[in-house]
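Source file: start-v2.pdb. Holds: PDB, C-alpha atoms and all ligand atoms.
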MODEL        1
ATOM      1  CA  MET A 711     177.668 162.617   9.213
ATOM      2  CA  ALA A 712     180.085 161.875  12.004
ATOM      3  CA  GLY A 713     183.375 163.557  11.188
ATOM      4  CA  LYS A 714     185.451 160.880  12.822
ATOM      5  CA  ASP A 715     184.663 158.214  10.280
ATOM      6  CA  LEU A 716     185.156 160.453   7.256
ATOM      7  CA  LEU A 717     188.492 159.297   5.883
ATOM      8  CA  ALA A 718     190.294 161.305   3.243
ATOM      9  CA  VAL A 719     191.192 158.241   1.246
ATOM     10  CA  SER A 720     189.158 156.444  -1.305
ATOM     11  CA  ALA A 721     190.340 152.902  -1.872
ATOM     12  CA  ASN A 722     190.912 149.786   0.120
ATOM     13  CA  THR A 723     194.147 147.903  -0.111
ATOM     14  CA  LYS A 724     193.309 144.278   0.491
ATOM     15  CA  ILE A 725     194.977 142.774  -2.536
ATOM     16  CA  GLY A 726     195.736 139.101  -3.011
ATOM     17  CA  SER A 727     192.726 137.715  -1.186
ATOM     18  CA  VAL A 728     189.087 138.279  -1.876
ATOM     19  CA  ASN A 729     187.422 140.806   0.389
ATOM     20  CA  LYS A 730     183.859 139.512   0.620
ATOM     21  CA  PRO A 731     181.122 140.055   1.248
ATOM     22  CA  VAL A 732     181.286 143.784   0.744
ATOM     23  CA  VAL A 733     178.741 146.436  -0.163
ATOM     24  CA  LEU A 734     179.257 150.044  -1.075
ATOM     25  CA  SER A 735     176.870 152.898  -1.729
ATOM     26  CA  THR A 736     177.018 156.466  -2.920
ATOM     27  CA  TRP A 737     176.853 159.284  -0.368
ATOM     28  CA  SER A 738     176.844 159.092   3.393
ATOM     29  CA  PHE A 739     173.166 158.124   3.455
ATOM     30  CA  GLY A 740     174.415 154.888   1.921
ATOM     31  CA  LYS A 741     175.340 153.838   5.447
ATOM     32  CA  GLU A 742     171.737 153.034   6.361
ATOM     33  CA  ALA A 743     171.182 151.424   2.975
ATOM     34  CA  ASN A 744     174.271 149.255   3.468
ATOM     35  CA  ALA A 745     172.870 148.118   6.791
ATOM     36  CA  GLY A 746     169.729 147.043   4.940
ATOM     37  CA  ALA A 747     171.834 145.158   2.404
ATOM     38  CA  TRP A 748     173.892 143.548   5.154
ATOM     39  CA  GLU A 749     170.833 141.751   6.518
ATOM     40  CA  THR A 750     171.108 139.618   3.379
ATOM     41  CA  LEU A 751     174.859 139.715   2.677
ATOM     42  CA  GLY A 752     175.828 138.995   6.280
ATOM     43  CA  LYS A 753     173.875 135.742   6.178
ATOM     44  CA  GLY A 754     175.583 134.584   3.001
ATOM     45  CA  GLY A 755     172.712 135.799   0.818
ATOM     46  CA  ARG A 756     172.756 136.807  -2.818
ATOM     47  CA  ALA A 757     174.138 140.197  -3.825
ATOM     48  CA  LEU A 758     171.094 140.839  -6.010
ATOM     49  CA  ASP A 759     168.723 140.488  -3.053
ATOM     50  CA  ALA A 760     171.028 142.587  -0.911
ATOM     51  CA  VAL A 761     171.246 145.556  -3.275
ATOM     52  CA  GLU A 762     167.500 145.604  -3.829
ATOM     53  CA  LYS A 763     166.774 145.538  -0.091
ATOM     54  CA  GLY A 764     169.542 148.031   0.559
ATOM     55  CA  VAL A 765     168.414 150.782  -1.786
ATOM     56  CA  MET A 766     164.812 150.298  -0.663
ATOM     57  CA  VAL A 767     165.890 151.864   2.632
ATOM     58  CA  ALA A 768     166.770 155.097   0.826
ATOM     59  CA  GLU A 769     163.687 154.935  -1.406
ATOM     60  CA  ALA A 770     161.348 154.830   1.596
ATOM     61  CA  ASP A 771     163.173 157.441   3.689
ATOM     62  CA  PRO A 772     161.104 160.652   3.912
ATOM     63  CA  LYS A 773     164.208 162.609   4.916
ATOM     64  CA  ASN A 774     165.941 161.764   1.671
ATOM     65  CA  HIS A 775     164.808 164.248  -0.987
ATOM     66  CA  SER A 776     166.682 162.700  -3.869
ATOM     67  CA  VAL A 777     165.425 159.133  -3.957
ATOM     68  CA  GLY A 778     161.936 157.623  -4.103
ATOM     69  CA  TYR A 779     159.291 158.778  -1.615
ATOM     70  CA  SER A 780     159.696 162.494  -0.804
ATOM     71  CA  GLY A 781     162.050 163.042  -3.730
ATOM     72  CA  LEU A 782     162.110 166.592  -5.047
ATOM     73  CA  PRO A 783     159.805 166.926  -8.042
ATOM     74  CA  ASP A 784     160.368 168.127 -11.563
ATOM     75  CA  ARG A 785     159.567 171.739 -12.394
ATOM     76  CA  ASP A 786     155.879 170.838 -12.777
ATOM     77  CA  GLY A 787     155.713 169.444  -9.267
ATOM     78  CA  ARG A 788     155.721 165.776 -10.331
ATOM     79  CA  VAL A 789     157.986 163.237  -8.665
ATOM     80  CA  THR A 790     159.313 160.992 -11.433
ATOM     81  CA  LEU A 791     161.652 158.139 -10.616
ATOM     82  CA  ASP A 792     164.436 156.297 -12.434
ATOM     83  CA  ALA A 793     165.943 152.986 -11.287
ATOM     84  CA  CYS A 794     167.785 149.944 -12.546
ATOM     85  CA  ILE A 795     169.192 146.684 -11.248
ATOM     86  CA  MET A 796     171.662 144.145 -12.642
ATOM     87  CA  ASP A 797     172.720 140.693 -11.481
ATOM     88  CA  GLU A 798     175.699 138.376 -11.933
ATOM     89  CA  ASN A 799     174.390 136.883 -15.176
ATOM     90  CA  PHE A 800     173.890 140.066 -17.234
ATOM     91  CA  ASN A 801     170.213 140.055 -16.329
ATOM     92  CA  CYS A 802     169.021 143.609 -15.934
ATOM     93  CA  GLY A 803     165.858 145.617 -15.520
ATOM     94  CA  SER A 804     165.018 149.280 -15.528
ATOM     95  CA  VAL A 805     162.182 151.720 -15.025
ATOM     96  CA  MET A 806     162.288 155.363 -15.928
ATOM     97  CA  PHE A 807     159.970 158.351 -15.684
ATOM     98  CA  LEU A 808     157.883 156.305 -13.241
ATOM     99  CA  GLU A 809     155.450 158.079 -10.921
ATOM    100  CA  HIS A 810     153.555 157.079  -7.743
ATOM    101  CA  ILE A 811     155.574 154.010  -6.741
ATOM    102  CA  VAL A 812     157.671 154.036  -3.559
ATOM    103  CA  HIS A 813     160.028 151.276  -4.654
ATOM    104  CA  PRO A 814     160.950 151.664  -8.324
ATOM    105  CA  ILE A 815     163.912 149.319  -7.795
ATOM    106  CA  SER A 816     161.512 146.446  -7.149
ATOM    107  CA  VAL A 817     159.569 147.290 -10.299
ATOM    108  CA  ALA A 818     162.879 147.271 -12.200
ATOM    109  CA  ARG A 819     163.626 143.837 -10.758
ATOM    110  CA  MET A 820     160.180 142.657 -11.826
ATOM    111  CA  VAL A 821     160.787 143.943 -15.364
ATOM    112  CA  MET A 822     164.007 141.920 -15.296
ATOM    113  CA  GLU A 823     162.459 138.736 -13.951
ATOM    114  CA  LYS A 824     158.920 138.715 -15.327
ATOM    115  CA  THR A 825     159.178 140.223 -18.792
ATOM    116  CA  PRO A 826     161.320 139.654 -21.870
ATOM    117  CA  HIS A 827     162.227 143.358 -21.714
ATOM    118  CA  ILE A 828     164.859 145.414 -19.933
ATOM    119  CA  GLN A 829     163.445 148.946 -19.854
ATOM    120  CA  MET A 830     159.940 150.243 -19.173
ATOM    121  CA  ALA A 831     158.926 153.872 -18.933
ATOM    122  CA  GLY A 832     156.204 156.231 -17.763
ATOM    123  CA  GLN A 833     152.564 155.194 -17.858
ATOM    124  CA  GLY A 834     153.390 151.743 -19.193
ATOM    125  CA  ALA A 835     155.780 151.102 -16.336
ATOM    126  CA  LEU A 836     153.195 152.356 -13.849
ATOM    127  CA  ALA A 837     150.481 150.130 -15.318
ATOM    128  CA  PHE A 838     152.876 147.169 -15.139
ATOM    129  CA  ALA A 839     153.666 147.934 -11.499
ATOM    130  CA  LEU A 840     150.010 148.309 -10.496
ATOM    131  CA  ALA A 841     149.092 145.093 -12.308
ATOM    132  CA  ASN A 842     151.773 143.322 -10.272
ATOM    133  CA  GLY A 843     150.614 144.401  -6.855
ATOM    134  CA  PHE A 844     152.447 147.679  -6.274
ATOM    135  CA  GLU A 845     150.383 150.383  -4.628
ATOM    136  CA  LYS A 846     149.881 153.862  -5.982
ATOM    137  CA  LYS A 847     151.012 156.546  -3.582
ATOM    138  CA  ASN A 848     151.494 160.307  -3.655
ATOM    139  CA  LEU A 849     155.270 160.647  -3.404
ATOM    140  CA  LEU A 850     155.316 164.427  -3.023
ATOM    141  CA  THR A 851     155.521 164.959   0.737
ATOM    142  CA  PRO A 852     154.503 168.310   2.244
ATOM    143  CA  GLU A 853     158.155 169.067   2.960
ATOM    144  CA  ALA A 854     159.289 168.354  -0.603
ATOM    145  CA  GLU A 855     156.346 170.335  -1.951
ATOM    146  CA  LYS A 856     157.328 173.315   0.176
ATOM    147  CA  ILE A 857     160.905 173.166  -1.121
ATOM    148  CA  TRP A 858     159.599 173.042  -4.691
ATOM    149  CA  ARG A 859     157.175 175.934  -4.083
ATOM    150  CA  ASP A 860     160.027 178.006  -2.649
ATOM    151  CA  TRP A 861     162.018 177.239  -5.793
ATOM    152  CA  LEU A 862     159.064 178.282  -7.937
ATOM    153  CA  LYS A 863     159.249 181.814  -6.556
ATOM    154  CA  THR A 864     162.390 182.415  -8.561
ATOM    155  CA  ALA A 865     162.129 179.723 -11.239
ATOM    156  CA  ASP A 866     162.198 180.972 -14.804
ATOM    157  CA  TYR A 867     159.921 178.827 -16.925
ATOM    158  CA  ALA A 868     160.603 180.684 -20.157
ATOM    159  CA  PRO A 869     162.532 178.419 -22.512
ATOM    160  CA  GLN A 870     166.147 179.470 -22.590
ATOM    161  CA  VAL A 871     169.063 178.020 -24.437
ATOM    162  CA  ASN A 872     171.030 177.526 -21.252
ATOM    163  CA  ILE A 873     168.285 176.813 -18.727
ATOM    164  CA  GLU A 874     169.774 173.395 -17.996
ATOM    165  CA  GLU A 875     173.076 174.992 -17.195
ATOM    166  CA  LYS A 876     171.337 177.032 -14.558
ATOM    167  CA  LEU A 877     169.623 174.009 -13.070
ATOM    168  CA  PHE A 878     172.767 171.936 -13.024
ATOM    169  CA  GLU A 879     174.901 174.414 -11.158
ATOM    170  CA  ILE A 880     174.756 172.478  -7.951
ATOM    171  CA  SER A 881     177.180 174.711  -6.117
ATOM    172  CA  LYS A 882     175.114 177.800  -6.842
ATOM    173  CA  ASP A 883     171.822 176.142  -6.119
ATOM    174  CA  PRO A 884     172.405 173.850  -3.156
ATOM    175  CA  LEU A 885     169.528 171.678  -2.135
ATOM    176  CA  PRO A 886     168.338 171.507   1.456
ATOM    177  CA  GLY A 887     170.257 169.157   3.661
ATOM    178  CA  GLY A 888     173.687 170.119   2.410
ATOM    179  CA  PRO A 889     175.947 168.672  -0.221
ATOM    180  CA  ASP A 890     175.462 165.111   0.970
ATOM    181  CA  ASN A 891     171.724 165.116   0.545
ATOM    182  CA  HIS A 892     171.119 165.755  -3.089
ATOM    183  CA  ASP A 893     171.762 162.665  -5.036
ATOM    184  CA  THR A 894     171.107 159.207  -6.306
ATOM    185  CA  ILE A 895     171.852 156.049  -4.423
ATOM    186  CA  GLY A 896     173.976 153.608  -6.391
ATOM    187  CA  MET A 897     174.861 150.376  -4.582
ATOM    188  CA  ILE A 898     177.210 147.606  -5.688
ATOM    189  CA  ALA A 899     177.961 144.429  -3.779
ATOM    190  CA  LEU A 900     180.032 141.260  -3.816
ATOM    191  CA  ASP A 901     178.447 138.376  -1.936
ATOM    192  CA  ALA A 902     179.942 135.457  -0.024
ATOM    193  CA  SER A 903     179.691 133.286  -3.148
ATOM    194  CA  GLY A 904     181.797 135.790  -5.047
ATOM    195  CA  ASN A 905     178.973 137.150  -7.197
ATOM    196  CA  LEU A 906     178.423 140.808  -7.990
ATOM    197  CA  SER A 907     175.196 142.798  -8.402
ATOM    198  CA  GLY A 908     174.163 146.427  -8.383
ATOM    199  CA  ALA A 909     171.200 148.762  -8.042
ATOM    200  CA  CYS A 910     170.722 152.438  -8.737
ATOM    201  CA  THR A 911     167.657 154.548  -7.894
ATOM    202  CA  THR A 912     166.816 158.251  -7.883
ATOM    203  CA  SER A 913     164.210 160.941  -8.267
ATOM    204  CA  GLY A 914     166.698 162.564 -10.629
ATOM    205  CA  LEU A 915     167.687 166.172 -10.849
ATOM    206  CA  ALA A 916     165.320 168.380  -8.907
ATOM    207  CA  TYR A 917     163.202 170.678 -11.115
ATOM    208  CA  LYS A 918     164.182 168.822 -14.269
ATOM    209  CA  ARG A 919     161.914 169.125 -17.292
ATOM    210  CA  HIS A 920     158.913 166.835 -17.066
ATOM    211  CA  GLY A 921     159.899 163.698 -18.935
ATOM    212  CA  ARG A 922     163.635 164.078 -18.468
ATOM    213  CA  VAL A 923     165.425 160.791 -17.776
ATOM    214  CA  GLY A 924     168.933 160.698 -16.360
ATOM    215  CA  ASP A 925     171.689 158.118 -16.262
ATOM    216  CA  SER A 926     170.437 156.183 -13.262
ATOM    217  CA  PRO A 927     168.098 153.779 -15.120
ATOM    218  CA  ILE A 928     170.453 153.368 -18.071
ATOM    219  CA  ILE A 929     172.386 150.103 -17.967
ATOM    220  CA  GLY A 930     175.987 150.982 -18.772
ATOM    221  CA  ALA A 931     175.646 154.613 -17.683
ATOM    222  CA  GLY A 932     174.377 154.774 -14.082
ATOM    223  CA  LEU A 933     175.131 151.113 -13.388
ATOM    224  CA  TYR A 934     176.957 148.173 -14.886
ATOM    225  CA  VAL A 935     177.901 144.738 -13.600
ATOM    226  CA  ASP A 936     180.128 142.158 -15.275
ATOM    227  CA  ASN A 937     180.581 139.254 -12.906
ATOM    228  CA  GLU A 938     183.955 138.350 -14.426
ATOM    229  CA  VAL A 939     185.378 141.798 -13.746
ATOM    230  CA  GLY A 940     183.524 144.160 -11.448
ATOM    231  CA  ALA A 941     180.712 146.641 -11.026
ATOM    232  CA  ALA A 942     180.367 150.402 -11.159
ATOM    233  CA  THR A 943     177.729 153.001 -10.431
ATOM    234  CA  ALA A 944     177.358 156.756 -10.804
ATOM    235  CA  THR A 945     175.834 159.813  -9.219
ATOM    236  CA  GLY A 946     175.691 163.462 -10.209
ATOM    237  CA  VAL A 947     174.636 165.118 -13.431
ATOM    238  CA  GLY A 948     173.413 162.200 -15.466
ATOM    239  CA  GLU A 949     173.801 163.783 -18.881
ATOM    240  CA  GLU A 950     177.580 163.729 -18.509
ATOM    241  CA  VAL A 951     177.520 160.138 -17.288
ATOM    242  CA  ILE A 952     175.431 158.978 -20.243
ATOM    243  CA  ARG A 953     177.724 160.782 -22.698
ATOM    244  CA  ILE A 954     180.637 158.522 -21.759
ATOM    245  CA  ALA A 955     178.626 155.382 -20.869
ATOM    246  CA  GLY A 956     180.300 155.831 -17.501
ATOM    247  CA  ALA A 957     179.654 152.637 -15.559
ATOM    248  CA  HIS A 958     180.390 150.408 -18.541
ATOM    249  CA  LEU A 959     183.545 152.359 -19.297
ATOM    250  CA  ILE A 960     184.788 151.822 -15.750
ATOM    251  CA  VAL A 961     184.133 148.091 -15.848
ATOM    252  CA  GLU A 962     186.020 147.828 -19.145
ATOM    253  CA  LEU A 963     188.940 149.812 -17.701
ATOM    254  CA  MET A 964     189.035 147.412 -14.752
ATOM    255  CA  ARG A 965     189.038 144.518 -17.229
ATOM    256  CA  GLN A 966     192.177 146.037 -18.725
ATOM    257  CA  GLY A 967     193.819 146.040 -15.318
ATOM    258  CA  ALA A 968     192.936 149.382 -13.763
ATOM    259  CA  SER A 969     192.168 149.455 -10.058
ATOM    260  CA  PRO A 970     188.632 150.551  -9.160
ATOM    261  CA  GLU A 971     189.839 154.018  -8.170
ATOM    262  CA  ALA A 972     192.039 154.413 -11.252
ATOM    263  CA  ALA A 973     189.162 153.347 -13.500
ATOM    264  CA  CYS A 974     186.817 155.887 -11.870
ATOM    265  CA  LYS A 975     189.497 158.557 -12.207
ATOM    266  CA  GLN A 976     189.954 157.884 -15.915
ATOM    267  CA  ALA A 977     186.212 158.138 -16.494
ATOM    268  CA  ILE A 978     186.048 161.442 -14.611
ATOM    269  CA  GLU A 979     189.029 162.723 -16.610
ATOM    270  CA  ARG A 980     187.223 161.859 -19.820
ATOM    271  CA  ILE A 981     184.299 164.044 -18.748
ATOM    272  CA  VAL A 982     186.742 166.871 -18.065
ATOM    273  CA  ARG A 983     188.411 166.379 -21.432
ATOM    274  CA  ILE A 984     185.250 166.415 -23.528
ATOM    275  CA  ARG A 985     183.334 169.127 -21.635
ATOM    276  CA  PRO A 986     185.998 171.146 -19.782
ATOM    277  CA  GLU A 987     183.871 174.187 -19.010
ATOM    278  CA  LYS A 988     180.823 172.263 -17.848
ATOM    279  CA  ALA A 989     182.981 169.916 -15.768
ATOM    280  CA  LYS A 990     184.057 172.807 -13.560
ATOM    281  CA  GLN A 991     180.461 173.596 -12.602
ATOM    282  CA  ILE A 992     178.856 170.263 -11.907
ATOM    283  CA  GLN A 993     179.328 167.162  -9.818
ATOM    284  CA  VAL A 994     179.765 163.651 -11.158
ATOM    285  CA  ALA A 995     181.057 160.799  -9.041
ATOM    286  CA  PHE A 996     181.759 157.151  -9.771
ATOM    287  CA  LEU A 997     182.084 154.195  -7.460
ATOM    288  CA  ALA A 998     183.570 150.823  -8.443
ATOM    289  CA  LEU A 999     184.151 147.353  -7.007
ATOM    290  CA  ASN A1000     186.127 144.542  -8.556
ATOM    291  CA  LYS A1001     185.912 140.785  -8.321
ATOM    292  CA  LYS A1002     188.484 140.707  -5.508
ATOM    293  CA  GLY A1003     186.391 143.021  -3.374
ATOM    294  CA  GLU A1004     188.707 145.985  -3.926
ATOM    295  CA  TYR A1005     186.853 149.256  -4.266
ATOM    296  CA  GLY A1006     187.418 152.887  -5.047
ATOM    297  CA  ALA A1007     185.813 156.116  -6.229
ATOM    298  CA  TYR A1008     186.564 159.409  -7.900
ATOM    299  CA  CYS A1009     184.606 162.599  -8.485
ATOM    300  CA  LEU A1010     184.749 165.949 -10.241
ATOM    301  CA  ARG A1011     184.365 168.212  -7.238
ATOM    302  CA  GLN A1012     185.165 167.811  -3.604
ATOM    303  CA  GLY A1013     182.279 166.674  -1.487
ATOM    304  CA  PHE A1014     181.413 163.180  -2.654
ATOM    305  CA  SER A1015     181.443 160.556   0.055
ATOM    306  CA  TYR A1016     180.548 156.900  -0.051
ATOM    307  CA  ALA A1017     179.716 154.223   2.474
ATOM    308  CA  VAL A1018     181.374 150.807   2.659
ATOM    309  CA  ARG A1019     180.347 147.823   4.751
ATOM    310  CA  THR A1020     182.662 144.857   5.209
ATOM    311  CA  GLY A1021     181.886 142.516   8.090
ATOM    312  CA  SER A1022     181.081 144.585  11.119
ATOM    313  CA  GLU A1023     182.999 147.567   9.766
ATOM    314  CA  GLU A1024     181.078 150.478   8.324
ATOM    315  CA  THR A1025     183.174 153.317   6.960
ATOM    316  CA  ILE A1026     182.381 156.511   5.127
ATOM    317  CA  TYR A1027     185.114 157.561   2.732
ATOM    318  CA  LYS A1028     185.637 160.856   1.048
ATOM    319  CA  ALA A1029     186.509 160.403  -2.622
ATOM    320  CA  LYS A1030     189.406 162.148  -4.307
ATOM    321  CA  SER A1031     188.412 164.767  -6.847
ATOM    322  CA  VAL A1032     189.682 166.714  -9.843
ATOM    323  CA  TYR A1033     188.598 170.107  -8.469
TER     324      TYR A1033
HETATM  325  C1  LIG A1101     170.383 162.051 -12.585
HETATM  326  N1  LIG A1101     172.369 161.034 -11.703
HETATM  327  O1  LIG A1101     169.172 161.940 -12.727
HETATM  328  C2  LIG A1101     170.991 161.341 -11.430
HETATM  329  C3  LIG A1101     170.798 162.020 -10.123
HETATM  330  C4  LIG A1101     170.855 163.431 -10.068
HETATM  331  O2  LIG A1101     171.970 165.270  -9.139
HETATM  332  O3  LIG A1101     170.014 164.073 -10.557
HETATM  333  N2  LIG A1101     171.839 163.955  -9.399
HETATM  334  O4  LIG A1101     171.099 162.693 -13.329
ENDMDL
END

The structure in this file should be written as structure tokens.
Ligand code: SD4
Amino acid sequence: MAGKDLLAVSANTKIGSVNKPVVLSTWSFGKEANAGAWETLGKGGRALDAVEKGVMVAEADPKNHSVGYSGLPDRDGRVTLDACIMDENFNCGSVMFLEHIVHPISVARMVMEKTPHIQMAGQGALAFALANGFEKKNLLTPEAEKIWRDWLKTADYAPQVNIEEKLFEISKDPLPGGPDNHDTIGMIALDASGNLSGACTTSGLAYKRHGRVGDSPIIGAGLYVDNEVGAATATGVGEEVIRIAGAHLIVELMRQGASPEAACKQAIERIVRIRPEKAKQIQVAFLALNKKGEYGAYCLRQGFSYAVRTGSEETIYKAKSVY
């Protein structure tokens, strides 16, 4: 990432008028995804279309080993994907534990629009996708497979009480590409009509147990949108996000008057309060946007950045952190 556009602040200040359209995404790779979203938002298009198109950029990127195609696999070598999407009318759709599909976000949207359901998982979700024209593809690229095979050399498959602790210690077990290349993309947007939507998509924690599902496809945890109030999304260790229903919590805090950054901070502080020891060892980050187009973020550990696009301006911010 270019150092010059990495600002050590984490909230905009345009209060009193609505800052729209605007789109923000987790991590610095969100910059390319925002550009994808801007093709829709910049023309006055709908936030829902923008966030779907935007995160598809990350899902298809072979250099991104944490989302979609070329995501790092679970410990059995299987790439399993989680994604969800939510619009301005509380419509939402989700897929989890989905294999072989490059764009899980579009399957999630199809669940939302073509079924009476919200969540679909595993083989059933795959069958639904294939029946609706999605193509089956091997998502494990040679590069991701090599990274996994290198991990296997030291991986301990024997069941242990604290094996998850070991896997979650991001700082001790950095993934290739550095600290900005290991996580979910969550994207939230406010369109020219003043409507909010969001999308969240991931291959989840690398080397997770086969069948593990994180926060990213859980409405209210990895993503939540209330068009009267705002939207929030999450990245990091999903178990801790689910435990506090993170994205929903942040939206409710904004409803009570908190700024986006203050709401994210309170959610992070709740994680610290309920799991103080674990909180020191993992990363969780939240990103929020309110109805006025104000945005902000907060994270547990230093190192979380996020990308914001407003008009022709594209900025990568570094979020404030507890540790
Ligand atoms: C998850 N929040 O599955 C997602 C992404 C992740 O390290 O694994 N981040 O928990």

Around all listed atoms of ligand LIG 1101 (chain A), padded 8 Å per side, what centre and edge lengths does the axis-aligned box have in Å to one decimal, as lines of an AutoDock Vina configuration file?
center_x = 170.8
center_y = 163.2
center_z = -11.2
size_x = 19.2
size_y = 20.2
size_z = 20.2

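For ligand LIG 1101 (chain A), the neighbouring protein, DNA and RNA residues, which are those within 6 Å when all atoms listed in the file are counted, are Asp893, Thr894, Thr912, Gly914, Leu915, Gly924, Asp925, Ser926, Thr945, Gly946, Val947 and Gly948 of chain A.
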
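Nearest to Asn937 of chain A of all the residues A:Gly904, A:Gly843, A:Gly764, A:Gly754 is A:Gly904, counting only C-alpha atoms.
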
Considering all atoms listed in the file, return as an mmCIF file with C-alpha atoms, in the coordinates of the input whatever protein or nucleic-acid residues lie within 6 Å of segment 737-749 of chain A, sequence-local ones (same chain, fewer than 4 positions apart) excluded.
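Written file, around35.cif:
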data_model
loop_
_atom_site.group_PDB
_atom_site.id
_atom_site.type_symbol
_atom_site.label_atom_id
_atom_site.label_comp_id
_atom_site.auth_asym_id
_atom_site.auth_seq_id
_atom_site.Cartn_x
_atom_site.Cartn_y
_atom_site.Cartn_z
ATOM 1 C CA ALA A 760 171.028 142.587 -0.911
ATOM 2 C CA VAL A 761 171.246 145.556 -3.275
ATOM 3 C CA LYS A 763 166.774 145.538 -0.091
ATOM 4 C CA GLY A 764 169.542 148.031 0.559
ATOM 5 C CA VAL A 765 168.414 150.782 -1.786
ATOM 6 C CA VAL A 767 165.890 151.864 2.632
ATOM 7 C CA SER A 1015 181.443 160.556 0.055
ATOM 8 C CA TYR A 1016 180.548 156.900 -0.051
ATOM 9 C CA ALA A 1017 179.716 154.223 2.474
#

Interatomic distance (Å, one decimal) between atom CA of Val923 of chain A and atom CA of Arg788 of chain A:
13.2 Å

Run through the PyMOL selection byres (((chain A and resi 975-978) around 10) and not hetatm) on the given coordinates and return the selected residues as a short mmCIF file (atom, residue, chain, number, x, y, z; two decimals) with C-alpha atoms, keeping the file's coordinate frame.
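Result written to expr05.cif:
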data_model
loop_
_atom_site.label_atom_id
_atom_site.label_comp_id
_atom_site.auth_asym_id
_atom_site.auth_seq_id
_atom_site.Cartn_x
_atom_site.Cartn_y
_atom_site.Cartn_z
CA GLU A 950 177.58 163.73 -18.51
CA VAL A 951 177.52 160.14 -17.29
CA ILE A 954 180.64 158.52 -21.76
CA ALA A 955 178.63 155.38 -20.87
CA GLY A 956 180.30 155.83 -17.50
CA ALA A 957 179.65 152.64 -15.56
CA HIS A 958 180.39 150.41 -18.54
CA LEU A 959 183.54 152.36 -19.30
CA ILE A 960 184.79 151.82 -15.75
CA LEU A 963 188.94 149.81 -17.70
CA ALA A 968 192.94 149.38 -13.76
CA SER A 969 192.17 149.46 -10.06
CA PRO A 970 188.63 150.55 -9.16
CA GLU A 971 189.84 154.02 -8.17
CA ALA A 972 192.04 154.41 -11.25
CA ALA A 973 189.16 153.35 -13.50
CA CYS A 974 186.82 155.89 -11.87
CA GLU A 979 189.03 162.72 -16.61
CA ARG A 980 187.22 161.86 -19.82
CA ILE A 981 184.30 164.04 -18.75
CA VAL A 982 186.74 166.87 -18.07
CA ARG A 983 188.41 166.38 -21.43
CA ALA A 989 182.98 169.92 -15.77
CA VAL A 994 179.76 163.65 -11.16
CA ALA A 995 181.06 160.80 -9.04
CA PHE A 996 181.76 157.15 -9.77
CA LEU A 997 182.08 154.20 -7.46
CA GLY A 1006 187.42 152.89 -5.05
CA ALA A 1007 185.81 156.12 -6.23
CA TYR A 1008 186.56 159.41 -7.90
CA CYS A 1009 184.61 162.60 -8.48
CA LEU A 1010 184.75 165.95 -10.24
CA LYS A 1030 189.41 162.15 -4.31
CA SER A 1031 188.41 164.77 -6.85
CA VAL A 1032 189.68 166.71 -9.84
#
